[in-house]
$ cat protein19.csv   # CSV, C-alpha atoms
chain,number,residue,atom,x,y,z
A,1,MET,CA,24.7,42.0,-1.8
A,2,HIS,CA,28.5,41.2,-1.8
A,3,PHE,CA,30.4,38.0,-1.5
A,4,ASP,CA,34.1,37.4,-1.1
A,5,LEU,CA,35.2,35.7,-4.3
A,6,SER,CA,38.5,34.5,-2.9
A,7,CYS,CA,39.0,30.7,-2.6
A,8,ARG,CA,39.0,30.4,1.1
A,9,LYS,CA,38.6,27.0,2.6
A,10,THR,CA,35.2,26.1,4.0
A,11,ARG,CA,36.2,22.7,5.3
A,12,SER,CA,33.0,21.9,7.2
A,13,ALA,CA,30.6,22.3,4.3
A,14,ARG,CA,32.8,20.6,1.8
A,15,HIS,CA,33.7,17.8,4.2
A,16,THR,CA,30.0,17.1,4.9
A,17,TYR,CA,29.0,16.9,1.3
A,18,LEU,CA,32.0,14.8,0.1
A,19,GLU,CA,31.4,12.3,2.8
A,20,LEU,CA,27.9,11.7,1.7
A,21,GLY,CA,28.4,11.6,-2.0
A,22,PRO,CA,26.5,13.2,-4.8
A,23,LEU,CA,22.9,12.6,-3.6
A,24,GLY,CA,21.5,15.9,-4.9
A,25,LEU,CA,18.5,17.4,-3.2
A,26,ARG,CA,18.2,14.5,-0.7
A,27,THR,CA,21.7,15.3,0.6
A,28,ILE,CA,20.8,18.9,1.2
A,29,LYS,CA,17.4,18.1,2.8
A,30,THR,CA,18.4,15.1,5.0
A,31,PHE,CA,22.0,15.4,5.9
A,32,MET,CA,23.2,19.0,5.5
A,33,GLU,CA,22.5,22.0,7.7
A,34,GLN,CA,21.2,25.2,5.9
A,35,LYS,CA,24.5,26.9,6.6
A,36,ASP,CA,26.4,24.0,4.9
A,37,PHE,CA,24.4,24.4,1.7
A,38,ARG,CA,25.0,28.2,1.8
A,39,GLN,CA,28.7,27.6,2.1
A,40,ILE,CA,28.6,25.4,-1.0
A,41,LEU,CA,26.7,28.2,-2.9
A,42,LYS,CA,29.4,30.7,-1.8
A,43,ARG,CA,32.1,28.4,-3.1
A,44,TYR,CA,30.2,27.9,-6.3
A,45,LEU,CA,30.0,31.7,-6.6
A,46,SER,CA,33.7,32.2,-6.0
A,47,GLY,CA,34.7,29.5,-8.5
A,48,CYS,CA,36.3,27.4,-5.8
A,49,ALA,CA,33.7,24.6,-5.8
A,50,SER,CA,34.7,21.0,-6.5
A,51,ASP,CA,33.0,19.1,-9.3
A,52,GLN,CA,30.8,17.3,-6.7
A,53,GLU,CA,29.8,20.6,-5.1
A,54,LYS,CA,28.9,22.0,-8.6
A,55,GLN,CA,26.9,18.9,-9.2
A,56,VAL,CA,24.8,19.3,-6.0
A,57,VAL,CA,24.0,22.9,-6.9
A,58,GLU,CA,23.0,22.0,-10.4
A,59,GLU,CA,20.9,19.0,-9.1
A,60,TRP,CA,19.2,21.4,-6.8
A,61,TYR,CA,18.4,23.6,-9.8
A,62,ASP,CA,17.0,20.6,-11.7
A,63,GLU,CA,14.9,19.5,-8.7
A,64,MET,CA,13.4,22.9,-8.3
A,65,GLY,CA,12.5,22.9,-12.0
A,66,ARG,CA,10.7,19.6,-11.7
A,67,ARG,CA,8.7,20.9,-8.7
A,68,ARG,CA,7.2,23.7,-10.8
A,69,GLY,CA,3.5,23.5,-11.3
A,70,GLU,CA,2.9,21.2,-8.3
A,71,THR,CA,1.9,23.8,-5.8
A,72,GLY,CA,-1.6,25.2,-5.3
A,73,ASP,CA,-3.0,28.4,-6.7
A,74,THR,CA,-2.0,30.6,-3.7
A,75,ASP,CA,-0.2,33.9,-3.4
A,76,GLU,CA,2.8,32.1,-1.9
A,77,ALA,CA,2.8,29.5,-4.7
A,78,LYS,CA,2.7,32.3,-7.4
A,79,LEU,CA,5.6,34.1,-5.7
A,80,GLU,CA,7.6,30.9,-5.6
A,81,GLU,CA,6.8,30.2,-9.2
A,82,GLN,CA,8.2,33.5,-10.2
A,83,TYR,CA,11.4,32.7,-8.2
A,84,LEU,CA,11.7,29.3,-9.9
A,85,THR,CA,11.2,30.8,-13.3
A,86,ASN,CA,14.1,33.3,-12.7
A,87,ILE,CA,16.3,30.5,-11.4
A,88,MET,CA,15.8,28.2,-14.4
A,89,ARG,CA,16.4,31.1,-16.8
A,90,HIS,CA,19.7,32.0,-15.2
A,91,VAL,CA,20.8,28.4,-14.9
A,92,ALA,CA,20.1,27.7,-18.6
A,93,LYS,CA,22.0,30.8,-19.5
A,94,SER,CA,25.0,29.9,-17.3
A,95,ARG,CA,25.2,26.4,-18.6
A,96,GLU,CA,25.2,27.6,-22.2
A,97,GLN,CA,27.9,30.1,-21.5
A,98,LYS,CA,30.0,27.5,-19.7
A,99,LYS,CA,29.9,25.3,-22.8
A,100,GLN,CA,31.0,28.2,-25.1
A,101,ILE,CA,33.7,29.6,-22.8
A,102,ARG,CA,35.9,26.7,-21.6
A,103,THR,CA,39.4,28.2,-22.0
A,104,PRO,CA,41.7,27.2,-19.0
A,105,GLY,CA,43.2,30.0,-17.0
A,106,THR,CA,40.6,32.6,-18.0
A,107,GLY,CA,38.1,34.0,-15.5
A,108,LEU,CA,35.2,34.4,-17.9
A,109,GLY,CA,33.7,31.0,-17.2
A,110,ARG,CA,33.9,31.6,-13.5
A,111,TYR,CA,32.4,35.0,-14.0
A,112,PHE,CA,29.3,33.7,-15.6
A,113,VAL,CA,29.0,30.9,-13.1
A,114,ALA,CA,29.2,33.6,-10.4
A,115,ILE,CA,26.3,35.5,-11.9
A,116,ALA,CA,24.1,32.4,-11.9
A,117,ALA,CA,25.2,31.5,-8.3
A,118,SER,CA,24.6,35.0,-7.1
A,119,VAL,CA,21.1,34.9,-8.5
A,120,LEU,CA,20.6,31.5,-6.8
A,121,LEU,CA,21.8,32.8,-3.4
A,122,LEU,CA,19.6,35.8,-3.8
A,123,ILE,CA,16.5,33.6,-4.5
A,124,VAL,CA,17.3,31.4,-1.6
A,125,SER,CA,17.4,34.4,0.7
A,126,LEU,CA,14.1,35.8,-0.7
A,127,VAL,CA,12.3,32.4,-0.4
A,128,VAL,CA,13.6,32.0,3.2
A,129,ILE,CA,12.2,35.4,4.1
A,130,ASN,CA,8.8,34.7,2.5
A,131,ARG,CA,8.4,31.1,3.6
A,132,THR,CA,10.0,31.0,7.1
A,133,PRO,CA,8.6,34.0,9.1
A,134,ASP,CA,9.0,31.9,12.3
A,135,ASN,CA,12.3,30.4,11.2
A,136,LYS,CA,10.8,26.9,11.6
A,137,ALA,CA,9.4,26.2,8.1
A,138,PRO,CA,11.7,24.6,5.5
A,139,VAL,CA,13.8,26.8,3.2
A,140,ALA,CA,13.5,26.7,-0.6
A,141,GLY,CA,16.1,24.0,-0.9
A,142,ASP,CA,14.1,21.8,1.5
A,143,VAL,CA,11.2,21.3,-0.9
A,144,SER,CA,9.9,17.8,-0.3
A,145,PRO,CA,10.3,15.4,-3.2
A,146,ALA,CA,7.3,14.5,-5.3
A,147,PRO,CA,5.4,11.6,-3.8
A,148,VAL,CA,6.1,8.1,-5.1
A,149,TRP,CA,3.0,5.9,-5.8
A,150,LYS,CA,3.0,2.3,-4.7
A,151,HIS,CA,0.8,-0.1,-6.6
A,152,ILE,CA,-0.6,-3.4,-5.2
A,153,THR,CA,-2.2,-5.6,-7.8
A,154,ASN,CA,-3.9,-9.0,-7.2
A,155,ASN,CA,-3.5,-11.0,-10.4
A,156,SER,CA,-4.3,-14.3,-8.8
A,157,ARG,CA,-7.6,-16.1,-8.8
A,158,VAL,CA,-8.3,-15.8,-5.1
A,159,ALA,CA,-8.6,-12.8,-2.7
A,160,ARG,CA,-5.4,-11.6,-1.1
A,161,ARG,CA,-4.8,-9.7,2.2
A,162,TYR,CA,-2.4,-6.8,2.4
A,163,ASP,CA,-1.3,-4.6,5.2
A,164,LEU,CA,-1.2,-0.8,4.8
A,165,PRO,CA,1.4,1.5,6.5
A,166,ASP,CA,-1.0,2.7,9.1
A,167,GLY,CA,-1.9,-0.8,10.4
A,168,SER,CA,-5.1,-1.0,8.4
A,169,ASN,CA,-5.5,-4.0,6.0
A,170,VAL,CA,-7.2,-4.6,2.7
A,171,ILE,CA,-8.5,-7.9,1.2
A,172,LEU,CA,-8.1,-7.4,-2.5
A,173,GLN,CA,-10.2,-9.4,-4.9
A,174,PRO,CA,-8.9,-10.8,-8.2
A,175,ARG,CA,-8.3,-8.4,-11.1
A,176,SER,CA,-8.2,-5.5,-8.5
A,177,LEU,CA,-5.5,-3.0,-7.6
A,178,ILE,CA,-4.9,-0.2,-5.1
A,179,LYS,CA,-2.3,2.5,-5.1
A,180,PHE,CA,-1.2,5.0,-2.4
A,181,SER,CA,1.7,7.4,-2.1
A,182,THR,CA,4.6,7.8,0.2
A,183,LEU,CA,2.6,10.6,1.9
A,184,PHE,CA,0.1,8.1,3.1
A,185,ASN,CA,-0.6,8.5,6.9
A,186,VAL,CA,1.2,11.9,7.0
A,187,SER,CA,-1.9,14.0,7.3
A,188,MET,CA,-4.5,11.8,5.6
A,189,ARG,CA,-4.8,8.2,4.4
A,190,GLU,CA,-5.7,8.1,0.8
A,191,VAL,CA,-6.1,5.0,-1.4
A,192,ASN,CA,-7.1,4.7,-5.1
A,193,LEU,CA,-9.1,1.6,-6.0
A,194,GLU,CA,-9.7,-0.2,-9.3
A,195,GLY,CA,-11.8,-3.3,-8.7
A,196,GLU,CA,-13.1,-4.7,-5.4
A,197,ALA,CA,-11.6,-4.6,-1.9
A,198,PHE,CA,-12.7,-5.0,1.7
A,199,PHE,CA,-11.0,-2.5,4.1
A,200,GLU,CA,-10.5,-2.9,7.8
A,201,VAL,CA,-9.4,0.6,8.9
A,202,VAL,CA,-7.6,1.4,12.1
A,203,HIS,CA,-9.3,4.3,13.9
A,204,SER,CA,-7.7,7.7,13.8
A,205,LYS,CA,-9.7,10.8,14.5
A,206,ASP,CA,-7.0,13.1,13.1
A,207,LYS,CA,-6.3,11.2,9.9
A,208,PRO,CA,-9.4,10.3,7.8
A,209,PHE,CA,-9.2,7.3,5.5
A,210,LEU,CA,-10.4,8.0,2.0
A,211,VAL,CA,-10.9,5.5,-0.9
A,212,TYR,CA,-11.3,7.0,-4.4
A,213,ALA,CA,-13.2,4.8,-6.8
A,214,HIS,CA,-14.2,6.5,-10.1
A,215,ASP,CA,-16.9,9.1,-9.3
A,216,ILE,CA,-17.3,8.4,-5.6
A,217,THR,CA,-15.2,9.0,-2.5
A,218,THR,CA,-15.6,6.9,0.7
A,219,ARG,CA,-14.5,8.6,3.9
A,220,VAL,CA,-14.1,6.9,7.3
A,221,LEU,CA,-12.2,7.3,10.5
A,222,GLY,CA,-12.2,3.7,11.5
A,223,THR,CA,-14.5,0.9,10.3
A,224,SER,CA,-14.8,-2.1,7.9
A,225,PHE,CA,-16.4,-1.8,4.5
A,226,THR,CA,-16.3,-3.1,0.9
A,227,VAL,CA,-15.9,-1.0,-2.2
A,228,ARG,CA,-16.6,-2.5,-5.7
A,229,SER,CA,-15.7,-0.4,-8.7
A,230,PHE,CA,-14.4,-2.3,-11.7
A,231,ARG,CA,-13.7,-0.2,-14.8
A,232,GLU,CA,-16.3,-2.1,-16.9
A,233,ASP,CA,-19.0,-1.8,-14.2
A,234,LYS,CA,-21.8,0.6,-14.7
A,235,GLN,CA,-22.3,0.9,-10.9
A,236,VAL,CA,-20.1,1.5,-7.9
A,237,MET,CA,-21.0,-0.2,-4.7
A,238,VAL,CA,-20.1,0.6,-1.1
A,239,VAL,CA,-21.1,-1.9,1.6
A,240,VAL,CA,-20.6,-1.2,5.3
A,241,LYS,CA,-19.9,-4.1,7.7
A,242,THR,CA,-19.2,-2.2,10.9
A,243,GLY,CA,-19.0,1.5,11.9
A,244,LYS,CA,-20.1,4.5,10.0
A,245,VAL,CA,-19.0,5.6,6.5
A,246,SER,CA,-19.5,8.8,4.5
A,247,VAL,CA,-19.9,8.4,0.8
A,248,LEU,CA,-19.4,11.4,-1.4
A,249,THR,CA,-20.9,11.3,-5.0
A,250,LYS,CA,-21.2,13.7,-7.9
A,251,SER,CA,-24.6,15.3,-8.1
A,252,ALA,CA,-26.7,14.7,-11.3
A,253,ALA,CA,-28.4,18.1,-11.0
A,254,ALA,CA,-25.2,20.0,-10.4
A,255,PRO,CA,-21.9,18.4,-11.7
A,256,ASN,CA,-19.8,20.7,-9.5
A,257,VAL,CA,-21.6,19.7,-6.3
A,258,THR,CA,-21.1,16.6,-4.3
A,259,ASP,CA,-23.8,14.8,-2.3
A,260,GLU,CA,-23.0,13.0,1.0
A,261,ILE,CA,-24.7,9.9,2.3
A,262,ILE,CA,-24.0,8.5,5.7
A,263,LEU,CA,-24.0,4.7,5.9
A,264,THR,CA,-24.0,2.5,9.0
A,265,SER,CA,-23.6,-1.2,9.6
A,266,ASN,CA,-25.4,-3.5,7.1
A,267,GLN,CA,-26.2,-0.7,4.7
A,268,GLU,CA,-24.9,-0.2,1.2
A,269,VAL,CA,-25.2,2.4,-1.6
A,270,ILE,CA,-25.4,1.7,-5.3
A,271,TYR,CA,-24.1,4.5,-7.5
A,272,ASP,CA,-25.1,4.6,-11.2
A,273,ARG,CA,-22.1,6.1,-13.0
A,274,ALA,CA,-24.0,7.1,-16.1
A,275,GLU,CA,-27.1,8.6,-14.4
A,276,LYS,CA,-25.3,9.8,-11.3
A,277,VAL,CA,-28.1,8.4,-9.2
A,278,VAL,CA,-27.6,6.9,-5.7
A,279,ALA,CA,-29.7,4.2,-4.1
A,280,ARG,CA,-29.3,3.3,-0.4
A,281,ARG,CA,-30.5,0.0,1.0
A,282,ILE,CA,-30.0,-2.8,3.6
A,283,VAL,CA,-27.5,-5.4,2.4
A,284,GLU,CA,-28.8,-8.7,1.1
A,285,LYS,CA,-27.4,-10.7,4.0
A,286,PRO,CA,-27.1,-8.6,7.2
A,287,GLU,CA,-24.7,-9.8,9.8
A,288,PRO,CA,-25.0,-9.3,13.6
A,289,ILE,CA,-22.8,-6.5,14.9
A,290,VAL,CA,-23.0,-7.8,18.6
A,291,PRO,CA,-21.1,-10.8,20.0
A,292,ALA,CA,-22.7,-14.2,19.6
A,293,ALA,CA,-22.8,-14.6,23.4
A,294,GLU,CA,-24.9,-11.5,23.7
A,295,MET,CA,-27.4,-12.7,21.1
A,296,GLU,CA,-27.8,-16.0,22.9
A,297,LEU,CA,-29.2,-14.1,25.9
A,298,MET,CA,-31.9,-12.4,23.8
A,299,ARG,CA,-34.7,-14.8,24.5
A,300,PHE,CA,-38.2,-13.4,25.1
A,301,GLU,CA,-41.3,-14.9,26.8
A,302,GLU,CA,-44.6,-13.2,26.0
A,303,ALA,CA,-42.6,-10.0,25.6
A,304,PRO,CA,-44.1,-6.8,24.0
A,305,LEU,CA,-43.4,-6.5,20.2
A,306,LYS,CA,-41.6,-3.2,20.8
A,307,GLU,CA,-39.0,-4.8,23.1
A,308,ILE,CA,-38.3,-7.5,20.6
A,309,LEU,CA,-37.9,-5.0,17.7
A,310,VAL,CA,-35.6,-2.8,19.7
A,311,ALA,CA,-33.3,-5.8,20.3
A,312,ILE,CA,-33.3,-6.6,16.5
A,313,GLU,CA,-32.3,-3.0,15.7
A,314,LYS,CA,-29.4,-3.4,18.1
A,315,VAL,CA,-28.2,-6.7,16.8
A,316,TYR,CA,-28.2,-5.7,13.1
A,317,GLY,CA,-27.9,-1.9,13.3
A,318,VAL,CA,-31.0,-1.4,11.2
A,319,ARG,CA,-34.0,0.8,11.7
A,320,ILE,CA,-37.5,-0.7,11.9
A,321,GLU,CA,-40.6,1.5,11.5
A,322,TYR,CA,-44.2,0.5,12.5
A,323,ASP,CA,-47.3,2.0,14.0
A,324,GLU,CA,-46.8,1.6,17.8
A,325,ASN,CA,-50.5,2.3,18.5
A,326,LYS,CA,-51.7,-0.5,16.2
A,327,PHE,CA,-49.2,-3.1,17.5
A,328,SER,CA,-49.0,-2.0,21.2
A,329,SER,CA,-50.9,-5.1,22.4
A,330,CYS,CA,-48.7,-7.6,20.5
A,331,THR,CA,-46.7,-10.0,22.6
A,332,LEU,CA,-44.4,-12.8,21.4
A,333,THR,CA,-42.2,-15.7,22.6
A,334,THR,CA,-39.1,-15.9,20.5
A,335,ALA,CA,-35.3,-15.9,20.4
A,336,LEU,CA,-32.9,-13.9,18.1
A,337,SER,CA,-30.0,-16.3,17.7
A,338,GLY,CA,-29.9,-18.2,14.5
A,339,GLY,CA,-31.9,-17.8,11.3
A,340,GLY,CA,-30.7,-14.3,10.2
A,341,LEU,CA,-32.6,-11.0,10.1
A,342,TYR,CA,-35.0,-11.6,7.3
A,343,ASN,CA,-36.0,-15.1,8.6
A,344,ARG,CA,-36.6,-13.6,12.0
A,345,MET,CA,-38.8,-10.8,10.5
A,346,ASP,CA,-40.8,-13.4,8.6
A,347,ILE,CA,-41.6,-15.3,11.8
A,348,ILE,CA,-42.5,-12.2,13.8
A,349,THR,CA,-44.7,-10.6,11.2
A,350,SER,CA,-46.5,-13.9,10.4
A,351,ALA,CA,-47.2,-14.3,14.1
A,352,ILE,CA,-48.9,-10.9,14.4
A,353,GLY,CA,-50.7,-11.0,11.1
A,354,ALA,CA,-48.6,-8.3,9.4
A,355,ARG,CA,-46.0,-8.0,6.6
A,356,TYR,CA,-42.8,-6.1,6.2
A,357,GLU,CA,-41.0,-4.5,3.3
A,358,LEU,CA,-37.5,-3.0,2.7
A,359,LYS,CA,-37.6,0.7,2.1
A,360,ASP,CA,-34.2,2.3,1.4
A,361,ASP,CA,-32.2,1.9,4.6
A,362,ARG,CA,-35.0,0.6,6.9
A,363,ILE,CA,-37.6,-2.1,7.5
A,364,VAL,CA,-41.3,-1.0,7.5
A,365,ILE,CA,-43.9,-3.2,9.1
A,366,LYS,CA,-47.5,-2.9,7.9
A,367,GLY,CA,-50.8,-4.5,9.0
A,368,ALA,CA,-54.0,-4.0,10.9
A,369,GLY,CA,-52.2,-4.7,14.2
A,370,CYS,CA,-53.0,-6.8,17.3
A,371,ASN,CA,-55.4,-4.3,18.7
A,372,TYR,CA,-57.6,-4.8,15.6
A,373,ARG,CA,-57.7,-8.6,16.1
A,374,LEU,CA,-58.6,-8.2,19.8
A,375,LYS,CA,-61.6,-6.1,19.0
A,376,ARG,CA,-62.9,-8.7,16.6
$ encode --input "protein19.csv" --output "structure tokens"
Amino acid sequence: MHFDLSCRKTRSARHTYLELGPLGLRTIKTFMEQKDFRQILKRYLSGCASDQEKQVVEEWYDEMGRRRGETGDTDEAKLEEQYLTNIMRHVAKSREQKKQIRTPGTGLGRYFVAIAASVLLLIVSLVVINRTPDNKAPVAGDVSPAPVWKHITNNSRVARRYDLPDGSNVILQPRSLIKFSTLFNVSMREVNLEGEAFFEVVHSKDKPFLVYAHDITTRVLGTSFTVRSFREDKQVMVVVKTGKVSVLTKSAAAPNVTDEIILTSNQEVIYDRAEKVVARRIVEKPEPIVPAAEMELMRFEEAPLKEILVAIEKVYGVRIEYDENKFSSCTLTTALSGGGLYNRMDIITSAIGARYELKDDRIVIKGAGCNYRLKR
């Protein structure tokens, strides 16, 4: 590789940079074309770079150094790590030599600067070759800056509502905080929670919404739910109001394995952080998931029990189990509006001489059945 070391003017590159000021890596990434940055490197190599041009190259070196160790364990990452190691070694050597050799009029300082710059330009070329096979991916100098984390804390005594960048919103309870990065809504939507919050998530099939709370991860596409996970709590709770939620927890039997539980409306999970045990159940106060006007129309006159129970499942999103053969002859006159789920179940089971119990995520009706009473 050979470069012309004469101080020829490269007005376009220099003009672009000097107009923007010393913004370091952001200048290179946002405002400068790749060819402009290469021109600055050539001027750095030839010893004709201005102080500001030297600064942008050295800031580029520094930024590349800070980015070390942030990439994944891939072949490409290992290759880039090797390149960055070489860069930093030569930059450190060049800077030390520039401090020691500072005599005006001599070419030694420029000579050592040229060595470092030539190494830099070589590395840029190698990284471009390895990382841009289709000439569309960013070059080495276009490495995205490390994400910046934004913290939202509710230090008040009442719940506060906050809007997220994707249009979703969160109601944050007192003594609670969330944090998310500047990469939020780029490919995924990720939030870290400490405390309790209710999320209303805008639907996006391509960008899952994830809430991390200690040992569990809640994953949704678009729904509303509550997560409670204070640092001092022994349990983590996820409560679903509408939609469907996937809850990932660490397995007690195999620490490296995660268990997945799918929750629907009016369901919740309680995760014991010490025992790593999950319990799923219907929430204490289930709320209707259909409009009130639709519930008002659900009135039954001497209707089969099965028809009434199907309507209740639709209104509250719960599952009801019973022996259809035993209760096939049961008929009732009732309405579903008002009273709540459990009050309605009390009335129905009392009328047919049965009882009900909550078992995990469902309601189970037990009893002799109406057929038995008819035979007597």
$ residues_near_point --input "protein19.csv" --point "(-40.8, -16.4, 25.4)" --cutoff "9 Å" --atoms "all atoms listed in the file" --output "MDAnalysis selection string"
chainID A and resid 299:303 332:335
$ closest_residue --input "protein19.csv" --among "A:Phe209, A:Tyr316, A:Phe180, A:Trp149" --to "A:Ile282" --atoms "only C-alpha atoms"
A:Tyr316
$ residues_around --input "protein19.csv" --residues "stretch 345-350 of chain A" --least-positions-apart "6" --cutoff "9 Å" --atoms "all atoms listed in the file" --output "list in words"
Leu305, Leu332, Thr334, Tyr356, Ile365, Lys366 and Gly367 of chain A
$ atom_distance --input "protein19.csv" --atom1 "atom CA of A:Arg231" --atom2 "atom CA of A:Val158"
19.1 Å
$ atom_distance --input "protein19.csv" --atom1 "atom CA of A:Ser329" --atom2 "atom CA of A:Ile312"
18.6 Å
$ atom_distance --input "protein19.csv" --atom1 "atom CA of A:Asp360" --atom2 "atom CA of A:Val315"
18.8 Å
